[in-house]
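Chemist: Have a look at the structure that comes next, please.
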Amino acid sequence: MPVDLPAGYAWRRATPADAEAIYALVSRCNTEVLGYADVTLNDIRDDLIEPGFDLETDSWLGFTPDGSLAGFAWAIGKGSGEQVDVDVITRDDQLASWLYDRVLARAAEIAHAGGHARYVVDKGIYRADTRASAAAEKHGFSPVTVFYRMRIDHGAVAVDPVPPQGLTVHNGPGDEGFRRTAHAVLNEAFKDHFGWAARTFEDWHQLLEQELTFDWSQLAVAELDSRPVAVLLTTDRYVEDENCGYVADIGVLAEARGRGIAKYLLRTAFAADIRAGRAGTILHVDSNNTTPALGLYESVGMRPVLVIDVWRRAVG
């Protein structure tokens, strides 16, 4: 049975103009759990214009009787709809069930539109947020993997690493051919990773083109004996709040792994962050990665600073 909106509450779709109000809500919820906001206004602005995210069908804002914004929820399909990412952000237990009802119904619509009777719905939850975990469990979710936020703090002197034999790195911005090569390598390198769903080149390019904390100079393609085998993509996502660079993607093709390429690319990112005056570098890693990535990051001096569980509801 559909869950009714609590008496006196109201809702509407989100718009880009709601970014500041949503930022205030997310900051408040995160601070209650973590002691800090862990989000910036630009993060929210980027999220609201992500390619494939239709605010008219995929977003919900919930308001208390006094008109205060108390909840924000969204759903976005991945691939052809066989995976749907959702979030429900609220500390209002009355509103939470109504928002869950909305995102789960929308997830079913997305999956069925793609021809999928069987699909999964994923939601990331801070390990420390036991209240959100309990709400997810109540609505049929269970934990399936763990992501760690890794960080390394830098000294004052940048050290340029020595590349593996035969490796050449080309940096952006590059032309369309360069960017298409990067996109193809990323999709191949990540195809077996948890939750990965390949984007078309057009969607991927649009996503990066409009991201407020990214510049095409932050994209690099590594060639081994003239064959593209790896990609490094960094952003300024954590510069505003933590003065840290961010490794958004680092992928190496299967046939080129074990040669020190990923470690070399990481160390080039560290050196670039030091030169830019960054206090450190941050990235996220799945503990169940198909490659031993967690050990790799620890081997170059990174440490886990935050734990995020992925909860999944499987349907069909």
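Quick note on naming: the chains in the structure tokens go A, B, ... in the order shown, residues restart at 1 in each chain, and ligands are numbered from 1 in order of appearance.
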Check the DSSP output for the backbone and give back, as a PyMOL selection string, the residues of stretch 101-190 of chain A in alpha helix (DSSP H).

Modeler: chain A and resi 101-113+130-138+176-190

Chemist: Next, dump the selected residues to file, keeping only N, CA, C and O atoms, as a short mmCIF file (atom, residue, chain, number, x, y, z; two decimals), in the first residue's frame.

Modeler:
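This is the output file result-v5.cif:
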```cif
data_model
loop_
_atom_site.label_atom_id
_atom_site.label_comp_id
_atom_site.auth_asym_id
_atom_site.auth_seq_id
_atom_site.Cartn_x
_atom_site.Cartn_y
_atom_site.Cartn_z
N ASP A 101 9.04 5.35 -0.14
CA ASP A 101 7.99 4.84 -1.01
C ASP A 101 8.10 5.45 -2.40
O ASP A 101 7.93 4.77 -3.43
N ARG A 102 8.41 6.73 -2.47
CA ARG A 102 8.53 7.42 -3.75
C ARG A 102 9.74 6.92 -4.55
O ARG A 102 9.62 6.63 -5.74
N VAL A 103 10.91 6.84 -3.91
CA VAL A 103 12.10 6.45 -4.67
C VAL A 103 12.03 4.99 -5.11
O VAL A 103 12.49 4.65 -6.22
N LEU A 104 11.43 4.13 -4.30
CA LEU A 104 11.33 2.72 -4.69
C LEU A 104 10.34 2.54 -5.84
O LEU A 104 10.55 1.72 -6.74
N ALA A 105 9.25 3.31 -5.82
CA ALA A 105 8.30 3.25 -6.92
C ALA A 105 8.94 3.77 -8.21
O ALA A 105 8.75 3.20 -9.29
N ARG A 106 9.72 4.82 -8.08
CA ARG A 106 10.39 5.37 -9.27
C ARG A 106 11.46 4.40 -9.78
O ARG A 106 11.63 4.25 -11.00
N ALA A 107 12.17 3.74 -8.88
CA ALA A 107 13.17 2.75 -9.29
C ALA A 107 12.52 1.65 -10.12
O ALA A 107 13.07 1.20 -11.13
N ALA A 108 11.34 1.20 -9.69
CA ALA A 108 10.61 0.17 -10.45
C ALA A 108 10.25 0.68 -11.84
O ALA A 108 10.38 -0.04 -12.84
N GLU A 109 9.82 1.94 -11.94
CA GLU A 109 9.47 2.51 -13.24
C GLU A 109 10.69 2.56 -14.16
O GLU A 109 10.60 2.23 -15.35
N ILE A 110 11.84 2.98 -13.60
CA ILE A 110 13.06 3.07 -14.40
C ILE A 110 13.47 1.69 -14.91
O ILE A 110 13.81 1.52 -16.09
N ALA A 111 13.45 0.70 -14.02
CA ALA A 111 13.85 -0.65 -14.40
C ALA A 111 12.90 -1.23 -15.45
O ALA A 111 13.34 -1.81 -16.45
N HIS A 112 11.61 -1.08 -15.24
CA HIS A 112 10.63 -1.64 -16.17
C HIS A 112 10.71 -0.96 -17.54
O HIS A 112 10.53 -1.61 -18.58
N ALA A 113 11.00 0.35 -17.53
CA ALA A 113 11.15 1.05 -18.81
C ALA A 113 12.32 0.52 -19.61
O ALA A 113 12.34 0.57 -20.84
N THR A 130 23.59 5.20 12.12
CA THR A 130 22.78 4.04 12.46
C THR A 130 21.29 4.29 12.24
O THR A 130 20.54 3.36 11.94
N ARG A 131 20.88 5.52 12.34
CA ARG A 131 19.47 5.86 12.10
C ARG A 131 19.11 5.63 10.63
O ARG A 131 18.07 5.04 10.32
N ALA A 132 19.97 6.08 9.72
CA ALA A 132 19.71 5.87 8.29
C ALA A 132 19.80 4.40 7.93
O ALA A 132 19.03 3.91 7.09
N SER A 133 20.72 3.68 8.55
CA SER A 133 20.85 2.24 8.29
C SER A 133 19.58 1.50 8.71
O SER A 133 19.10 0.60 8.00
N ALA A 134 19.04 1.88 9.87
CA ALA A 134 17.81 1.23 10.34
C ALA A 134 16.65 1.51 9.40
O ALA A 134 15.83 0.62 9.12
N ALA A 135 16.57 2.73 8.87
CA ALA A 135 15.50 3.07 7.93
C ALA A 135 15.65 2.27 6.63
O ALA A 135 14.66 1.78 6.07
N ALA A 136 16.87 2.13 6.15
CA ALA A 136 17.11 1.34 4.93
C ALA A 136 16.72 -0.11 5.14
O ALA A 136 16.07 -0.73 4.29
N GLU A 137 17.11 -0.66 6.28
CA GLU A 137 16.78 -2.06 6.57
C GLU A 137 15.26 -2.25 6.64
O GLU A 137 14.72 -3.24 6.14
N LYS A 138 14.58 -1.30 7.23
CA LYS A 138 13.12 -1.35 7.33
C LYS A 138 12.47 -1.42 5.95
O LYS A 138 11.39 -2.02 5.80
N GLU A 176 38.84 15.78 -29.02
CA GLU A 176 37.78 14.79 -28.82
C GLU A 176 38.33 13.37 -28.88
O GLU A 176 37.90 12.49 -28.11
N GLY A 177 39.29 13.12 -29.77
CA GLY A 177 39.87 11.79 -29.88
C GLY A 177 40.54 11.37 -28.59
O GLY A 177 40.40 10.21 -28.14
N PHE A 178 41.28 12.28 -27.97
CA PHE A 178 41.94 12.01 -26.68
C PHE A 178 40.91 11.67 -25.62
O PHE A 178 41.05 10.70 -24.86
N ARG A 179 39.83 12.43 -25.57
CA ARG A 179 38.81 12.21 -24.55
C ARG A 179 38.04 10.91 -24.80
O ARG A 179 37.68 10.20 -23.86
N ARG A 180 37.80 10.59 -26.07
CA ARG A 180 37.14 9.32 -26.38
C ARG A 180 38.02 8.14 -25.97
O ARG A 180 37.52 7.11 -25.51
N THR A 181 39.31 8.27 -26.15
CA THR A 181 40.23 7.21 -25.72
C THR A 181 40.15 7.03 -24.21
O THR A 181 40.07 5.90 -23.72
N ALA A 182 40.16 8.13 -23.47
CA ALA A 182 40.06 8.05 -22.01
C ALA A 182 38.77 7.37 -21.59
O ALA A 182 38.76 6.51 -20.70
N HIS A 183 37.67 7.76 -22.22
CA HIS A 183 36.36 7.18 -21.91
C HIS A 183 36.36 5.67 -22.17
O HIS A 183 35.87 4.88 -21.34
N ALA A 184 36.92 5.24 -23.28
CA ALA A 184 36.94 3.82 -23.62
C ALA A 184 37.79 3.02 -22.63
O ALA A 184 37.40 1.93 -22.20
N VAL A 185 38.94 3.57 -22.24
CA VAL A 185 39.80 2.88 -21.28
C VAL A 185 39.12 2.77 -19.93
O VAL A 185 39.17 1.72 -19.27
N LEU A 186 38.47 3.84 -19.48
CA LEU A 186 37.76 3.81 -18.20
C LEU A 186 36.69 2.73 -18.20
O LEU A 186 36.58 1.94 -17.24
N ASN A 187 35.87 2.68 -19.24
CA ASN A 187 34.80 1.68 -19.29
C ASN A 187 35.35 0.26 -19.26
O ASN A 187 34.79 -0.63 -18.61
N GLU A 188 36.44 0.03 -19.98
CA GLU A 188 37.03 -1.31 -20.00
C GLU A 188 37.68 -1.66 -18.65
O GLU A 188 37.52 -2.76 -18.14
N ALA A 189 38.37 -0.69 -18.06
CA ALA A 189 39.07 -0.94 -16.79
C ALA A 189 38.11 -1.20 -15.64
O ALA A 189 38.41 -1.97 -14.72
N PHE A 190 36.93 -0.55 -15.67
CA PHE A 190 36.00 -0.64 -14.55
C PHE A 190 34.83 -1.59 -14.79
O PHE A 190 33.96 -1.73 -13.93
#
```

Chemist: As number ranges by chain, list the residues of stretch 21-162 of chain A assigned to strand (DSSP E) by DSSP on the backbone atoms of this structure.

Modeler: A: 59-63, 69-78, 83-90, 119-126, 142-153

Chemist: Measuring between only C-alpha atoms, which one of A:Gly71, A:Arg151, A:Gly316, A:Ala197 shows the shortest distance to A:Gln83?

Modeler: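 Looking only at the distances to A:Gln83, the closest residue turns out to be A:Ala197.
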
Chemist: Can you build me a table of stretch 26-60 of chain A residues sitting at most 12 Å from stretch 286-308 of chain A, with the closest atom pair per residue and its distance in Å to one decimal, using only C-alpha atoms, sorted by chain and residue number, as CSV?

Modeler:
```
residue,atom,partner,partner_atom,distance
A:Val33,CA,A:Leu306,CA,11.9
A:Leu34,CA,A:Leu306,CA,9.4
A:Asp38,CA,A:Leu306,CA,10.6
```

Chemist: Write out as a PyMOL selection string each polymer residue whose atoms come within 10 Å of A:Trp60, counting only C-alpha atoms; drop sequence neighbours fewer than 3 positions from it.

Modeler: chain A and resi 11-15+55-57+63+71-75+88+99+102-103

Chemist: Quick one, how far is atom CA of A:Arg275 from atom CA of A:Gly251?

Modeler: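 Going from atom CA of A:Arg275 over to atom CA of A:Gly251 covers 23.4 Å.
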
Chemist: Neighbouring residues of A:Gly172 were defined as those with any atom within 6 Å, considering only C-alpha atoms; residues of the same chain fewer than 3 positions away were excluded. Please report them as a ChimeraX atom specification.

Modeler: /A:216-217,219-220

Chemist: Produce a file of the selected residues containing N, CA, C and O atoms, as a tab-separated table (two decimals), in the first residue's frame.

Modeler:
```tsv
chain	number	residue	atom	x	y	z
A	216	TRP	N	39.46	19.99	-17.88
A	216	TRP	CA	39.98	18.92	-18.73
A	216	TRP	C	41.48	18.72	-18.61
A	216	TRP	O	42.01	17.67	-18.99
A	217	SER	N	42.19	19.69	-18.07
A	217	SER	CA	43.62	19.50	-17.83
A	217	SER	C	43.86	18.45	-16.75
A	217	SER	O	45.00	17.97	-16.58
A	219	LEU	N	42.63	15.47	-16.73
A	219	LEU	CA	42.50	14.14	-17.32
A	219	LEU	C	43.83	13.73	-17.92
A	219	LEU	O	44.47	14.50	-18.63
A	220	ALA	N	44.24	12.49	-17.64
A	220	ALA	CA	45.49	11.97	-18.21
A	220	ALA	C	45.27	10.56	-18.72
A	220	ALA	O	44.54	9.77	-18.12
```

Chemist: Counting only C-alpha atoms, which of A:Tyr9, A:Trp98, A:Tyr126, A:Trp196 gets nearest to A:Gly79?

Modeler: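 Residue with the minimum atom-to-atom distance to A:Gly79: A:Trp196.
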
Chemist: Name all residues at most 8 Å from A:Arg28 (count only C-alpha atoms; drop same-chain ones fewer than 4 positions away) and give them as a list of chain:residue names.

Modeler: A:Ala24, A:Glu32, A:Ala37
